[in-house]
Number of protein chains: 2
Amino acid sequence: MKRSIPSDLDLSNRSVSVLCGGVGAARFLSGLLDVVPAENITAIVNVADDVVLHGLHISPDIDTIVYTLADAVSSTRGWGLEGETWQAMAMVSRYGGADWFNLGDSDLGTHLYRTGRLQEGASLAQVTAEIADAWNLRLSLLPVTNDRIETRVTTVDEGEIGFQEYFVGRQHDVALTAVRFVGADEAVPAPGVQKALADADVVVIAPSNPVVSIDPVLAVPGVRAALANRTSATVAVSPIIGGRALKGPADRMLQELGFESSVLGVARWYLGLADYLVIDDADGHMADEVDEVGLAPTVTNTIMSDPDVAAALARITISAALA
Amino acid sequence: MKRSIPSDLDLSNRSVSVLCGGVGAARFLSGLLDVVPAENITAIVNVADDVVLHGLHISPDIDTIVYTLADAVSSTRGWGLEGETWQAMAMVSRYGGADWFNLGDSDLGTHLYRTGRLQEGASLAQVTAEIADAWNLRLSLLPVTNDRIETRVTTVDEGEIGFQEYFVGRQHDVALTAVRFVGADEAVPAPGVQKALADADVVVIAPSNPVVSIDPVLAVPGVRAALANRTSATVAVSPIIGGRALKGPADRMLQELGFESSVLGVARWYLGLADYLVIDDADGHMADEVDEVGLAPTVTNTIMSDPDVAAALARITISAALA
């Protein structure tokens with residue numbers, strides 16, 4: 001059953017909250033800012049792949065979103081800053097220090113500021129707001145929690161390792177059997193998170209990795225319930241296109257955890273949480289099956305190769321949930 | 001009474017330990033390396049002006065010595081690295097973060113490495129040895145202690161502040177009434193420090209600030225006693241020339257703490273600790289008074305404007321103590 005999505009809905013007074021990982025979420029938010037006023041948008045961001053390296057608190061997903069929305073992100077890398085230099089890490093390498101997680105010099109300034117403010121007693125949410133403000137971002141950017149939660153993955157060959165050791169250190173090229181979020185049970189949602197989920201006209205689950213970007217957001221007590229209890233719509237955008245993740249290991253992770261690497265696997269993963277699923281044109285032939293799983297499908301171009309596609313995707317995603 | 005110092009002593013099998021602050025000590029050590037084998041030199045370095053900024057452990061005196069001896073120090077600044085870039089601090093400034101203590105990008109690599117290793121459980125002495133090794137230094141470079149001690153100064157206008165806030169933040173341009181070294185009473189000398197002081201043929205007190213560079217070294221329990229109990233000679237090089245410090249606030253600090261800002265003030269400060277005092281040609285007319293205070297004076301050029309002067313000063317300093 002193909003639904004017809006109106007293309008001319010007035011979205012200017014709609015409020016939207018978005019559950020976010022990194023690059024995919026950043027591009028989606030970038031498109032969303034073209035169709036919904038920034039003041040009406042709340043991004044709730046994964047922090048379970050935050051990592052402390054060299055004593056510095058690094059929040060990769062928050063930074064990717066900030067740099068992307070500020071139009072400062074490296075277009076070739078998709079993370080970090082355009083025009084970056086790498087003097088500090090060259091020195092770390094001279095000492096034989098841990099240089100597997102590359103940190104650009106300007107980017108280091110963000111981590112220095114964040115770490116300094118956290119040590120002064122500021123919360124991660126406060127610091128994130130300050131950083132977003134310094135880049136003139138006007139949406140509300142919330143870490144899902146101010147508490148420390150930490151994704152750890154069980155690998156077949158090495159046992160349990162930290163997420164960044166898996167993702168960056170091993171280039172996510174090793175087999176997994178389990179994922180857990182240390183500290184999640186005791187974490188408390190950051191101020192505003194639950195209200196943003198309860199009150200939003202539409203909640204979007206961004207096209208991020210369901211296993212290691214969205215699941216740790218949901219693992220913070222109260223977040224999954226806030227989503228499940230919504231009376232308004234929740235819509236997910238599939239990060240799987242034609243059976244593959246555009247970027248990162250979402251495809252093999254879904255399989256390793258017993259789900260299909262397809263929009264059906266995504267639909268089953270989000271069943272009970274999302275009402276709608278936006279899937280790519282390449283997966284249009286599976287729309288009826290998505291519907292049978294229990295999520296109403298919308299088929300469109302989800303490959304955000306330029307700002308116009310991102311804006312069109314954001315518009316159809318919000319409209320699908322409102323129609 | 002002018003002593004005659006032989007200029008042709010064989011110093012190649014002499015062992016020398018040097019109590020060190022920053023720039024003056026670094027230049028002296030640089031000269032010493034020209035006249036005594038590196039393997040015979042132990043530098044015992046002040047760590048009380050170490051500071052934690054943005055979560056990073058910064059050891060200014062150790063780094064100044066390492067960079068100077070590695071011939072990597074900025075010749076214009078006297079601290080930090082030649083050819084340095086400043087991208088990270090520009091970003092900290094964008095956020096309105098604490099940017100009064102400037103940290104170059106390459107230099108940051110040193111602090112990242114040190115902080116990471118300390119958090120892994122390495123001692124400051126281990127990390128310092130690793131850093132020195134990475135720069136191919138062959139002398140023994142020891143922080144006076146692995147424990148955290150912290151110079152704090154009482155200012156007339158602002159009460160007590162940290163040393164770097166005074167030294168860098170206020171450009172040491174405020175009046176002091178007191179100096180203390182928090183944590184010194186409980187500190188333990190780093191492994192090798194006491195032995196290096198007991199066994200050295202000559203101990204040199206480098207031309208560093210007596211109040212905030214040398215005194216905190218002496219404040220670590222056991223260090224002052226090791227110096228006082230020496231049977232071999234200890235020789236100090238005056239950091240005061242013609243009543244002034246070449247660099248930094250040693251002159252006004254001596255006065256503010258009730259000592260004369262002259263080689264006599266220095267002699268009185270080190271009485272009971274040093275047997276000999278090397279003073280500059282400019283202060284030759286005060287040699288007899290230094291002698292009367294109780295330290296045997298040696299008069300020479302102490303302005304280490306080039307490596308030859310530094311080497312000549314090192315030679316005469318060691319020879320004076322051995323003669």
# chains A, B, ... in the order shown; residues from 1 in each chain; ligands from 1
call {"tool": "residues_around", "arguments": {"residues": "Ser305 in chain B", "least_positions_apart": "2", "cutoff": "12 Å", "atoms": "only C-alpha atoms", "output": "NGL selection string"}}
result
:B and (24 or 27-28 or 30-31 or 75 or 78 or 246 or 301-303 or 307-313)
call {"tool": "closest_atom_pairs", "arguments": {"of": "chain B", "to": "chain A", "cutoff": "12 Å", "atoms": "only C-alpha atoms", "output": "tab-separated table"}}
result
residue	atom	partner	partner_atom	distance
B:Val52	CA	A:Gly116	CA	9.3
B:Leu53	CA	A:Gly116	CA	6.8
B:His54	CA	A:Gly116	CA	3.9
B:Gly55	CA	A:Gly116	CA	5.8
B:Leu56	CA	A:Gly55	CA	6.3
B:His57	CA	A:Gly55	CA	8.8
B:Ile58	CA	A:Gly55	CA	11.9
B:Leu81	CA	A:Met91	CA	11.2
B:Gly83	CA	A:Gln87	CA	10.7
B:Glu84	CA	A:Gln87	CA	8.7
B:Thr85	CA	A:Gln87	CA	7.9
B:Trp86	CA	A:Asp105	CA	8.1
B:Gln87	CA	A:Ser106	CA	5.0
B:Ala88	CA	A:Gly109	CA	4.1
B:Met89	CA	A:Gly109	CA	5.9
B:Ala90	CA	A:Gly109	CA	7.3
B:Met91	CA	A:Gly109	CA	4.8
B:Val92	CA	A:Gly109	CA	4.9
B:Ser93	CA	A:Gly109	CA	8.4
B:Arg94	CA	A:Ala134	CA	6.6
B:Tyr95	CA	A:Ala134	CA	5.6
B:Gly96	CA	A:Ala134	CA	8.3
B:Gly97	CA	A:Tyr113	CA	5.9
B:Ala98	CA	A:Tyr113	CA	7.9
B:Asp99	CA	A:Tyr113	CA	9.7
B:Asn102	CA	A:Gly109	CA	11.7
B:Leu103	CA	A:Gly109	CA	10.3
B:Gly104	CA	A:Ala88	CA	8.4
B:Asp105	CA	A:Ala88	CA	5.0
B:Ser106	CA	A:Ala88	CA	4.4
B:Asp107	CA	A:Ala88	CA	6.9
B:Leu108	CA	A:Ala88	CA	5.6
B:Gly109	CA	A:Ala88	CA	4.2
B:Thr110	CA	A:Val92	CA	6.5
B:His111	CA	A:His54	CA	8.2
B:Leu112	CA	A:His54	CA	4.9
B:Tyr113	CA	A:Val92	CA	5.7
B:Arg114	CA	A:His54	CA	7.8
B:Thr115	CA	A:His54	CA	5.5
B:Gly116	CA	A:His54	CA	3.9
B:Arg117	CA	A:His54	CA	7.7
B:Leu118	CA	A:His54	CA	9.0
B:Gln119	CA	A:Gly55	CA	7.2
B:Glu120	CA	A:His54	CA	9.4
B:Val127	CA	A:Tyr95	CA	9.7
B:Thr128	CA	A:Tyr95	CA	10.7
B:Ala129	CA	A:Tyr95	CA	10.8
B:Glu130	CA	A:Tyr95	CA	7.2
B:Ile131	CA	A:Tyr95	CA	6.3
B:Ala132	CA	A:Tyr95	CA	9.3
B:Asp133	CA	A:Tyr95	CA	8.6
B:Ala134	CA	A:Tyr95	CA	5.7
B:Trp135	CA	A:Arg94	CA	8.6
B:Asn136	CA	A:Tyr95	CA	11.1
call {"tool": "write_last_selection", "arguments": {"atoms": "C-alpha atoms", "output": "compact mmCIF listing (two decimals), in the first residue's frame"}}
result
# COMPACT_ATOMS: atom_id res chain seq x y z
CA VAL B 52 46.24 21.36 34.76
CA LEU B 53 44.45 23.31 32.04
CA HIS B 54 41.60 21.98 29.91
CA GLY B 55 42.23 18.64 31.61
CA LEU B 56 45.84 18.47 30.42
CA HIS B 57 48.87 18.16 32.67
CA ILE B 58 51.36 20.84 31.67
CA LEU B 81 58.47 25.11 20.00
CA GLY B 83 57.62 27.01 14.03
CA GLU B 84 54.60 26.46 16.25
CA THR B 85 50.98 26.88 15.07
CA TRP B 86 48.05 27.97 17.25
CA GLN B 87 44.89 26.45 15.76
CA ALA B 88 43.65 24.71 18.91
CA MET B 89 43.82 27.84 21.05
CA ALA B 90 42.07 29.87 18.35
CA MET B 91 39.18 27.43 18.69
CA VAL B 92 39.24 27.65 22.49
CA SER B 93 39.01 31.43 22.08
CA ARG B 94 36.04 31.06 19.75
CA TYR B 95 34.23 29.31 22.58
CA GLY B 96 35.22 32.01 25.06
CA GLY B 97 37.34 29.44 26.90
CA ALA B 98 40.40 30.06 29.04
CA ASP B 99 43.00 31.23 26.53
CA ASN B 102 48.77 29.90 25.20
CA LEU B 103 49.43 26.34 24.04
CA GLY B 104 50.84 25.68 20.58
CA ASP B 105 49.50 22.79 18.53
CA SER B 106 52.72 20.74 18.52
CA ASP B 107 53.33 21.54 22.18
CA LEU B 108 49.80 20.26 22.89
CA GLY B 109 50.96 16.89 21.61
CA THR B 110 53.44 16.76 24.51
CA HIS B 111 50.68 17.54 27.01
CA LEU B 112 48.32 15.01 25.41
CA TYR B 113 50.97 12.32 25.65
CA ARG B 114 51.91 13.21 29.24
CA THR B 115 48.28 13.34 30.38
CA GLY B 116 47.40 10.07 28.68
CA ARG B 117 50.37 8.26 30.22
CA LEU B 118 49.70 9.68 33.70
CA GLN B 119 46.10 8.49 33.44
CA GLU B 120 47.40 5.06 32.45
CA VAL B 127 56.74 10.03 31.29
CA THR B 128 59.49 12.63 31.49
CA ALA B 129 62.09 9.99 30.68
CA GLU B 130 59.99 8.81 27.71
CA ILE B 131 59.64 12.36 26.41
CA ALA B 132 63.34 13.08 26.84
CA ASP B 133 64.14 9.83 25.08
CA ALA B 134 61.89 10.72 22.13
CA TRP B 135 63.98 13.87 21.70
CA ASN B 136 67.22 11.84 21.94
call {"tool": "residues_around", "arguments": {"residues": "Pro207 in chain A", "least_positions_apart": "5", "cutoff": "6 Å", "atoms": "only C-alpha atoms", "output": "number ranges by chain"}}
result
A: 24-25, 237-239
call {"tool": "calpha_fit_and_write", "arguments": {"fixed": "chain A", "moving": "chain B", "output": "short mmCIF file (atom, residue, chain, number, x, y, z; two decimals) with C-alpha atoms, in the first residue's frame"}}
result
data_model
loop_
_atom_site.label_atom_id
_atom_site.label_comp_id
_atom_site.auth_asym_id
_atom_site.auth_seq_id
_atom_site.Cartn_x
_atom_site.Cartn_y
_atom_site.Cartn_z
CA MET B 1 0.02 0.00 0.00
CA LYS B 2 1.65 3.24 -1.08
CA ARG B 3 0.62 6.28 0.92
CA SER B 4 0.29 9.62 -0.76
CA ILE B 5 2.27 12.29 1.10
CA PRO B 6 1.20 15.91 0.56
CA SER B 7 4.15 18.01 -0.54
CA ASP B 8 2.75 21.37 0.52
CA LEU B 9 2.08 21.01 4.25
CA ASP B 10 2.86 24.14 6.26
CA LEU B 11 5.64 22.95 8.57
CA SER B 12 6.58 26.38 9.90
CA ASN B 13 4.85 25.93 13.25
CA ARG B 14 5.57 22.25 13.75
CA SER B 15 7.94 21.06 16.43
CA VAL B 16 10.26 18.20 15.66
CA SER B 17 12.55 16.17 17.90
CA VAL B 18 15.19 13.98 16.32
CA LEU B 19 17.05 11.02 17.84
CA CYS B 20 20.56 11.32 16.45
CA GLY B 21 23.82 9.59 15.87
CA GLY B 22 26.56 11.16 13.76
CA VAL B 23 26.97 11.79 10.04
CA GLY B 24 23.54 10.60 8.78
CA ALA B 25 21.74 12.49 11.52
CA ALA B 26 23.83 15.60 10.88
CA ARG B 27 22.88 15.64 7.19
CA PHE B 28 19.24 15.00 8.02
CA LEU B 29 19.20 17.88 10.53
CA SER B 30 20.82 20.08 7.95
CA GLY B 31 17.92 19.37 5.59
CA LEU B 32 15.38 19.74 8.40
CA LEU B 33 16.66 23.24 9.13
CA ASP B 34 15.58 24.17 5.61
CA VAL B 35 11.97 23.17 6.20
CA VAL B 36 11.28 23.73 9.92
CA PRO B 37 12.34 26.79 11.96
CA ALA B 38 15.51 26.08 13.99
CA GLU B 39 13.74 27.14 17.19
CA ASN B 40 11.27 24.28 16.71
CA ILE B 41 13.93 21.57 16.40
CA THR B 42 15.45 19.54 19.21
CA ALA B 43 18.23 17.10 18.40
CA ILE B 44 18.73 14.43 21.05
CA VAL B 45 22.18 13.03 20.50
CA ASN B 46 23.93 9.77 21.29
CA VAL B 47 26.83 10.13 23.74
CA ALA B 48 27.67 6.46 24.24
CA ASP B 49 30.52 6.65 21.76
CA ASP B 50 32.05 9.54 23.68
CA VAL B 51 35.56 8.68 24.66
CA VAL B 52 38.23 10.07 26.96
CA LEU B 53 41.57 10.13 25.17
CA HIS B 54 44.72 11.83 26.47
CA GLY B 55 42.53 13.16 29.28
CA LEU B 56 40.17 14.94 26.88
CA HIS B 57 36.42 14.34 26.67
CA ILE B 58 35.53 13.72 23.03
CA SER B 59 31.89 13.66 21.88
CA PRO B 60 32.10 12.52 18.25
CA ASP B 61 28.38 12.59 17.42
CA ILE B 62 27.77 16.01 18.95
CA ASP B 63 30.80 17.44 17.17
CA THR B 64 29.86 15.94 13.81
CA ILE B 65 26.43 17.52 14.12
CA VAL B 66 27.81 20.91 15.22
CA TYR B 67 30.46 21.06 12.51
CA THR B 68 28.02 19.90 9.83
CA LEU B 69 25.29 22.37 10.75
CA ALA B 70 27.90 25.15 11.01
CA ASP B 71 29.03 24.26 7.49
CA ALA B 72 32.52 23.71 8.90
CA VAL B 73 32.72 19.94 8.54
CA SER B 74 35.29 18.36 6.27
CA SER B 75 33.43 17.50 3.09
CA THR B 76 35.88 14.75 2.23
CA ARG B 77 36.00 13.05 5.64
CA GLY B 78 32.42 13.73 6.79
CA TRP B 79 33.78 14.30 10.33
CA GLY B 80 36.16 16.85 11.79
CA LEU B 81 36.83 20.29 10.38
CA GLU B 82 37.56 21.48 6.88
CA GLY B 83 41.11 22.80 6.45
CA GLU B 84 42.28 20.98 9.56
CA THR B 85 45.96 20.64 10.56
CA TRP B 86 47.48 17.71 12.49
CA GLN B 87 50.48 19.04 14.40
CA ALA B 88 49.45 17.84 17.85
CA MET B 89 48.91 14.24 16.75
CA ALA B 90 52.23 14.24 14.90
CA MET B 91 53.85 15.04 18.24
CA VAL B 92 51.87 12.32 20.03
CA SER B 93 53.15 9.91 17.38
CA ARG B 94 56.71 11.05 17.98
CA TYR B 95 56.31 9.92 21.58
CA GLY B 96 54.82 6.60 20.52
CA GLY B 97 51.52 7.65 22.10
CA ALA B 98 48.03 6.49 21.18
CA ASP B 99 47.50 7.97 17.73
CA TRP B 100 44.88 5.62 16.33
CA PHE B 101 42.14 8.19 17.00
CA ASN B 102 43.15 11.16 14.92
CA LEU B 103 42.39 14.58 16.38
CA GLY B 104 42.90 17.71 14.30
CA ASP B 105 44.41 20.80 15.89
CA SER B 106 41.31 23.00 15.59
CA ASP B 107 39.07 20.12 16.62
CA LEU B 108 41.29 19.70 19.70
CA GLY B 109 40.22 23.20 20.71
CA THR B 110 36.65 21.91 21.00
CA HIS B 111 37.78 19.02 23.21
CA LEU B 112 39.96 21.31 25.34
CA TYR B 113 37.03 23.65 25.88
CA ARG B 114 34.59 20.83 26.65
CA THR B 115 36.99 19.12 29.05
CA GLY B 116 37.84 22.34 30.85
CA ARG B 117 34.19 23.26 31.31
CA LEU B 118 33.24 19.76 32.50
CA GLN B 119 36.05 19.93 35.06
CA GLU B 120 34.70 23.30 36.18
CA GLY B 121 31.43 21.52 36.91
CA ALA B 122 29.38 22.39 33.84
CA SER B 123 27.12 19.63 32.53
CA LEU B 124 27.64 18.13 29.09
CA ALA B 125 24.32 19.70 28.08
CA GLN B 126 25.51 23.17 29.15
CA VAL B 127 28.82 22.80 27.33
CA THR B 128 27.07 21.49 24.24
CA ALA B 129 24.75 24.50 24.24
CA GLU B 130 27.75 26.83 24.60
CA ILE B 131 29.55 25.16 21.71
CA ALA B 132 26.45 25.22 19.51
CA ASP B 133 25.97 28.87 20.37
CA ALA B 134 29.57 29.72 19.43
CA TRP B 135 28.81 28.30 15.98
CA ASN B 136 25.56 30.31 15.77
CA LEU B 137 23.33 27.25 15.73
CA ARG B 138 19.80 28.00 16.80
CA LEU B 139 18.32 24.54 17.14
CA SER B 140 18.28 22.89 20.55
CA LEU B 141 21.11 20.36 20.70
CA LEU B 142 20.84 18.01 23.67
CA PRO B 143 23.07 15.12 24.65
CA VAL B 144 20.60 12.39 25.62
CA THR B 145 22.15 12.39 29.10
CA ASN B 146 24.70 14.33 31.12
CA ASP B 147 25.89 11.04 32.59
CA ARG B 148 28.68 8.93 31.21
CA ILE B 149 27.48 5.93 29.24
CA GLU B 150 29.83 3.87 27.18
CA THR B 151 29.19 1.48 24.32
CA ARG B 152 31.25 -1.69 24.54
CA VAL B 153 31.17 -4.44 21.96
CA THR B 154 32.02 -8.11 22.30
CA THR B 155 34.21 -9.21 19.41
CA VAL B 156 34.73 -12.78 18.33
CA ASP B 157 38.51 -12.53 18.37
CA GLU B 158 39.37 -10.08 21.15
CA GLY B 159 36.52 -10.25 23.64
CA GLU B 160 34.99 -6.97 24.79
CA ILE B 161 36.50 -3.69 23.60
CA GLY B 162 35.42 -0.05 23.66
CA PHE B 163 33.37 1.34 20.83
CA GLN B 164 36.02 3.64 19.41
CA GLU B 165 38.61 0.86 19.54
CA TYR B 166 36.16 -1.15 17.43
CA PHE B 167 34.95 1.65 15.18
CA VAL B 168 38.15 3.61 14.59
CA GLY B 169 40.88 1.33 15.89
CA ARG B 170 39.66 -1.80 14.00
CA GLN B 171 37.84 0.19 11.31
CA HIS B 172 34.74 -1.85 12.37
CA ASP B 173 36.13 -4.77 10.37
CA VAL B 174 35.76 -7.45 13.05
CA ALA B 175 32.82 -9.72 13.93
CA LEU B 176 30.61 -8.90 16.92
CA THR B 177 28.40 -11.01 19.11
CA ALA B 178 27.02 -8.42 21.54
CA VAL B 179 26.75 -4.73 22.31
CA ARG B 180 26.12 -3.14 25.69
CA PHE B 181 25.91 0.36 27.09
CA VAL B 182 27.80 0.55 30.35
CA GLY B 183 26.27 3.03 32.77
CA ALA B 184 23.02 3.37 30.84
CA ASP B 185 20.90 1.83 33.60
CA GLU B 186 21.92 4.55 36.04
CA ALA B 187 21.84 7.41 33.55
CA VAL B 188 19.26 10.17 33.75
CA PRO B 189 17.94 11.95 30.65
CA ALA B 190 19.37 15.44 30.25
CA PRO B 191 16.96 18.24 31.17
CA GLY B 192 14.49 18.77 28.35
CA VAL B 193 14.92 15.39 26.67
CA GLN B 194 11.72 13.75 27.88
CA LYS B 195 9.66 16.88 27.37
CA ALA B 196 11.02 17.26 23.84
CA LEU B 197 9.93 13.71 23.08
CA ALA B 198 6.52 14.10 24.72
CA ASP B 199 5.64 17.46 23.21
CA ALA B 200 7.02 17.27 19.67
CA ASP B 201 4.52 17.13 16.82
CA VAL B 202 6.85 14.65 15.17
CA VAL B 203 9.71 12.56 16.51
CA VAL B 204 12.21 11.44 13.91
CA ILE B 205 14.63 8.58 14.34
CA ALA B 206 17.44 9.80 12.11
CA PRO B 207 19.14 7.56 9.53
CA SER B 208 21.79 6.55 12.05
CA ASN B 209 23.09 3.16 13.10
CA PRO B 210 20.17 1.53 15.00
CA VAL B 211 22.50 -0.66 17.07
CA VAL B 212 25.15 1.74 18.31
CA SER B 213 23.73 5.23 17.67
CA ILE B 214 20.00 5.01 18.35
CA ASP B 215 19.87 2.10 20.79
CA PRO B 216 22.08 3.81 23.40
CA VAL B 217 19.80 6.85 23.21
CA LEU B 218 16.85 4.56 23.89
CA ALA B 219 18.77 2.80 26.66
CA VAL B 220 18.69 5.86 28.89
CA PRO B 221 15.83 5.13 31.32
CA GLY B 222 12.71 7.07 30.42
CA VAL B 223 13.59 7.68 26.77
CA ARG B 224 12.16 4.46 25.34
CA ALA B 225 9.03 4.94 27.45
CA ALA B 226 8.67 8.56 26.34
CA LEU B 227 8.81 7.34 22.75
CA ALA B 228 6.45 4.40 23.29
CA ASN B 229 3.92 6.63 25.09
CA ARG B 230 3.68 9.22 22.36
CA THR B 231 0.24 9.85 20.91
CA SER B 232 1.66 11.88 18.02
CA ALA B 233 3.69 10.20 15.32
CA THR B 234 7.22 8.85 15.34
CA VAL B 235 8.94 8.28 12.03
CA ALA B 236 12.23 6.52 11.36
CA VAL B 237 14.44 6.99 8.31
CA SER B 238 16.14 3.76 7.28
CA PRO B 239 19.95 3.91 7.36
CA ILE B 240 19.96 0.72 5.26
CA ILE B 241 19.66 1.21 1.49
CA GLY B 242 19.60 -1.79 -0.81
CA GLY B 243 20.73 -3.98 2.08
CA ARG B 244 23.79 -1.86 2.85
CA ALA B 245 24.70 0.98 5.18
CA LEU B 246 25.90 4.04 3.24
CA LYS B 247 28.60 4.46 5.86
CA GLY B 248 29.69 2.45 8.87
CA PRO B 249 28.83 -1.05 10.04
CA ALA B 250 25.04 -0.86 10.58
CA ASP B 251 24.46 -3.56 7.95
CA ARG B 252 26.77 -6.19 9.38
CA MET B 253 25.83 -5.29 12.96
CA LEU B 254 22.14 -5.89 12.27
CA GLN B 255 23.02 -9.30 10.83
CA GLU B 256 25.40 -10.19 13.64
CA LEU B 257 22.64 -9.44 16.14
CA GLY B 258 20.13 -11.62 14.28
CA PHE B 259 18.33 -9.04 12.16
CA GLU B 260 18.16 -8.84 8.41
CA SER B 261 20.37 -6.22 6.80
CA SER B 262 17.47 -4.63 4.94
CA VAL B 263 14.65 -2.18 5.47
CA LEU B 264 12.73 -5.11 6.94
CA GLY B 265 15.42 -5.61 9.57
CA VAL B 266 15.20 -1.91 10.35
CA ALA B 267 11.39 -2.08 10.50
CA ARG B 268 11.53 -5.00 12.91
CA TRP B 269 14.19 -3.22 15.02
CA TYR B 270 11.95 -0.15 15.41
CA LEU B 271 8.63 -1.98 15.74
CA GLY B 272 6.68 -0.57 18.67
CA LEU B 273 8.75 2.62 18.68
CA ALA B 274 8.14 4.13 15.23
CA ASP B 275 4.87 4.31 13.33
CA TYR B 276 6.38 5.19 9.98
CA LEU B 277 9.50 4.18 8.11
CA VAL B 278 11.02 6.18 5.28
CA ILE B 279 12.91 3.91 2.87
CA ASP B 280 14.95 4.59 -0.21
CA ASP B 281 13.68 4.30 -3.77
CA ALA B 282 16.04 1.34 -4.13
CA ASP B 283 13.93 -0.51 -1.57
CA GLY B 284 10.54 0.47 -3.00
CA HIS B 285 9.81 -3.15 -3.86
CA MET B 286 9.87 -4.00 -0.14
CA ALA B 287 7.35 -1.34 0.89
CA ASP B 288 4.51 -3.82 1.28
CA GLU B 289 6.64 -6.07 3.47
CA VAL B 290 7.56 -3.09 5.67
CA ASP B 291 3.86 -2.38 5.96
CA GLU B 292 3.23 -5.99 6.98
CA VAL B 293 5.87 -5.72 9.71
CA GLY B 294 3.77 -2.89 11.11
CA LEU B 295 5.39 0.38 10.01
CA ALA B 296 3.77 2.53 7.34
CA PRO B 297 6.35 2.95 4.57
CA THR B 298 7.22 6.03 2.57
CA VAL B 299 9.49 5.62 -0.43
CA THR B 300 11.80 8.44 -1.53
CA ASN B 301 15.40 9.35 -2.28
CA THR B 302 17.23 9.04 1.06
CA ILE B 303 20.79 9.47 -0.24
CA MET B 304 21.57 12.99 1.00
CA SER B 305 24.21 13.78 -1.58
CA ASP B 306 23.38 17.49 -1.58
CA PRO B 307 21.41 19.97 0.56
CA ASP B 308 18.37 19.86 -1.73
CA VAL B 309 18.00 16.11 -1.33
CA ALA B 310 18.44 16.46 2.44
CA ALA B 311 15.74 19.16 2.58
CA ALA B 312 13.38 17.11 0.41
CA LEU B 313 13.95 14.05 2.59
CA ALA B 314 13.29 16.08 5.75
CA ARG B 315 10.10 17.52 4.25
CA ILE B 316 8.68 14.18 3.18
CA THR B 317 9.71 12.55 6.48
CA ILE B 318 7.86 15.12 8.59
CA SER B 319 4.93 15.22 6.18
CA ALA B 320 4.61 11.43 6.24
CA ALA B 321 4.23 11.54 10.00
CA LEU B 322 1.67 14.33 9.85
CA ALA B 323 -0.38 13.12 6.91
#
call {"tool": "select_by_dssp", "arguments": {"residues": "range 60-307 of chain A", "states": "helix (DSSP H, G or I)", "output": "ChimeraX atom specification"}}
result
/A:60-69,87-94,105-119,124-134,163-169,184-186,193-199,210-218,223-228,250-256,263-270,281-293,307
call {"tool": "select_by_dssp", "arguments": {"residues": "range 131-174 of chain B", "states": "strand (DSSP E or B)", "output": "tab-separated table (two decimals) with N, CA and C atoms, in the first residue's frame"}}
result
chain	number	residue	atom	x	y	z
B	140	SER	N	70.04	12.59	32.42
B	140	SER	CA	68.94	12.10	33.25
B	140	SER	C	68.10	13.31	33.67
B	141	LEU	N	66.83	13.29	33.29
B	141	LEU	CA	65.96	14.43	33.55
B	141	LEU	C	64.88	13.97	34.53
B	142	LEU	N	64.97	14.47	35.77
B	142	LEU	CA	64.07	14.00	36.82
B	142	LEU	C	63.19	15.12	37.34
B	143	PRO	N	61.87	14.95	37.32
B	143	PRO	CA	61.05	15.87	38.11
B	143	PRO	C	61.45	15.67	39.57
B	145	THR	N	59.75	15.49	42.09
B	145	THR	CA	58.83	14.56	42.73
B	145	THR	C	57.80	14.10	41.72
B	150	GLU	N	52.15	22.49	44.20
B	150	GLU	CA	51.55	23.60	43.47
B	150	GLU	C	51.92	24.92	44.14
B	151	THR	N	52.66	25.74	43.42
B	151	THR	CA	53.01	27.06	43.94
B	151	THR	C	51.79	27.96	43.92
B	152	ARG	N	51.53	28.59	45.05
B	152	ARG	CA	50.47	29.60	45.12
B	152	ARG	C	51.06	30.86	45.73
B	153	VAL	N	50.67	31.99	45.21
B	153	VAL	CA	51.24	33.25	45.68
B	153	VAL	C	50.13	34.13	46.25
B	154	THR	N	50.45	34.84	47.31
B	154	THR	CA	49.50	35.78	47.89
B	154	THR	C	49.78	37.16	47.30
B	155	THR	N	48.80	37.69	46.60
B	155	THR	CA	48.97	39.01	45.99
B	155	THR	C	48.32	40.06	46.88
B	159	GLY	N	44.48	38.57	46.79
B	159	GLY	CA	44.61	37.42	47.67
B	159	GLY	C	45.42	36.34	46.97
B	160	GLU	N	45.19	35.07	47.37
B	160	GLU	CA	46.04	33.99	46.85
B	160	GLU	C	45.56	33.52	45.48
B	161	ILE	N	46.50	33.38	44.57
B	161	ILE	CA	46.19	32.85	43.23
B	161	ILE	C	47.25	31.82	42.85
B	162	GLY	N	46.95	31.03	41.82
B	162	GLY	CA	47.89	30.01	41.36
B	162	GLY	C	49.08	30.66	40.67
call {"tool": "decode", "arguments": {"residues": "range 187-198 of chain B", "atoms": "C-alpha atoms", "output": "mmCIF file, in the first residue's frame"}}
result
data_model
loop_
_atom_site.group_PDB
_atom_site.id
_atom_site.type_symbol
_atom_site.label_atom_id
_atom_site.label_comp_id
_atom_site.auth_asym_id
_atom_site.auth_seq_id
_atom_site.Cartn_x
_atom_site.Cartn_y
_atom_site.Cartn_z
ATOM 1 C CA ALA B 187 55.585 14.957 48.566
ATOM 2 C CA VAL B 188 58.241 12.291 48.162
ATOM 3 C CA PRO B 189 61.361 12.843 46.049
ATOM 4 C CA ALA B 190 61.220 11.007 42.734
ATOM 5 C CA PRO B 191 63.371 7.858 42.581
ATOM 6 C CA GLY B 192 66.994 8.826 42.062
ATOM 7 C CA VAL B 193 66.731 12.427 43.250
ATOM 8 C CA GLN B 194 68.326 12.004 46.660
ATOM 9 C CA LYS B 195 71.019 9.684 45.363
ATOM 10 C CA ALA B 196 71.844 12.123 42.566
ATOM 11 C CA LEU B 197 72.305 14.866 45.141
ATOM 12 C CA ALA B 198 74.323 12.695 47.521
#
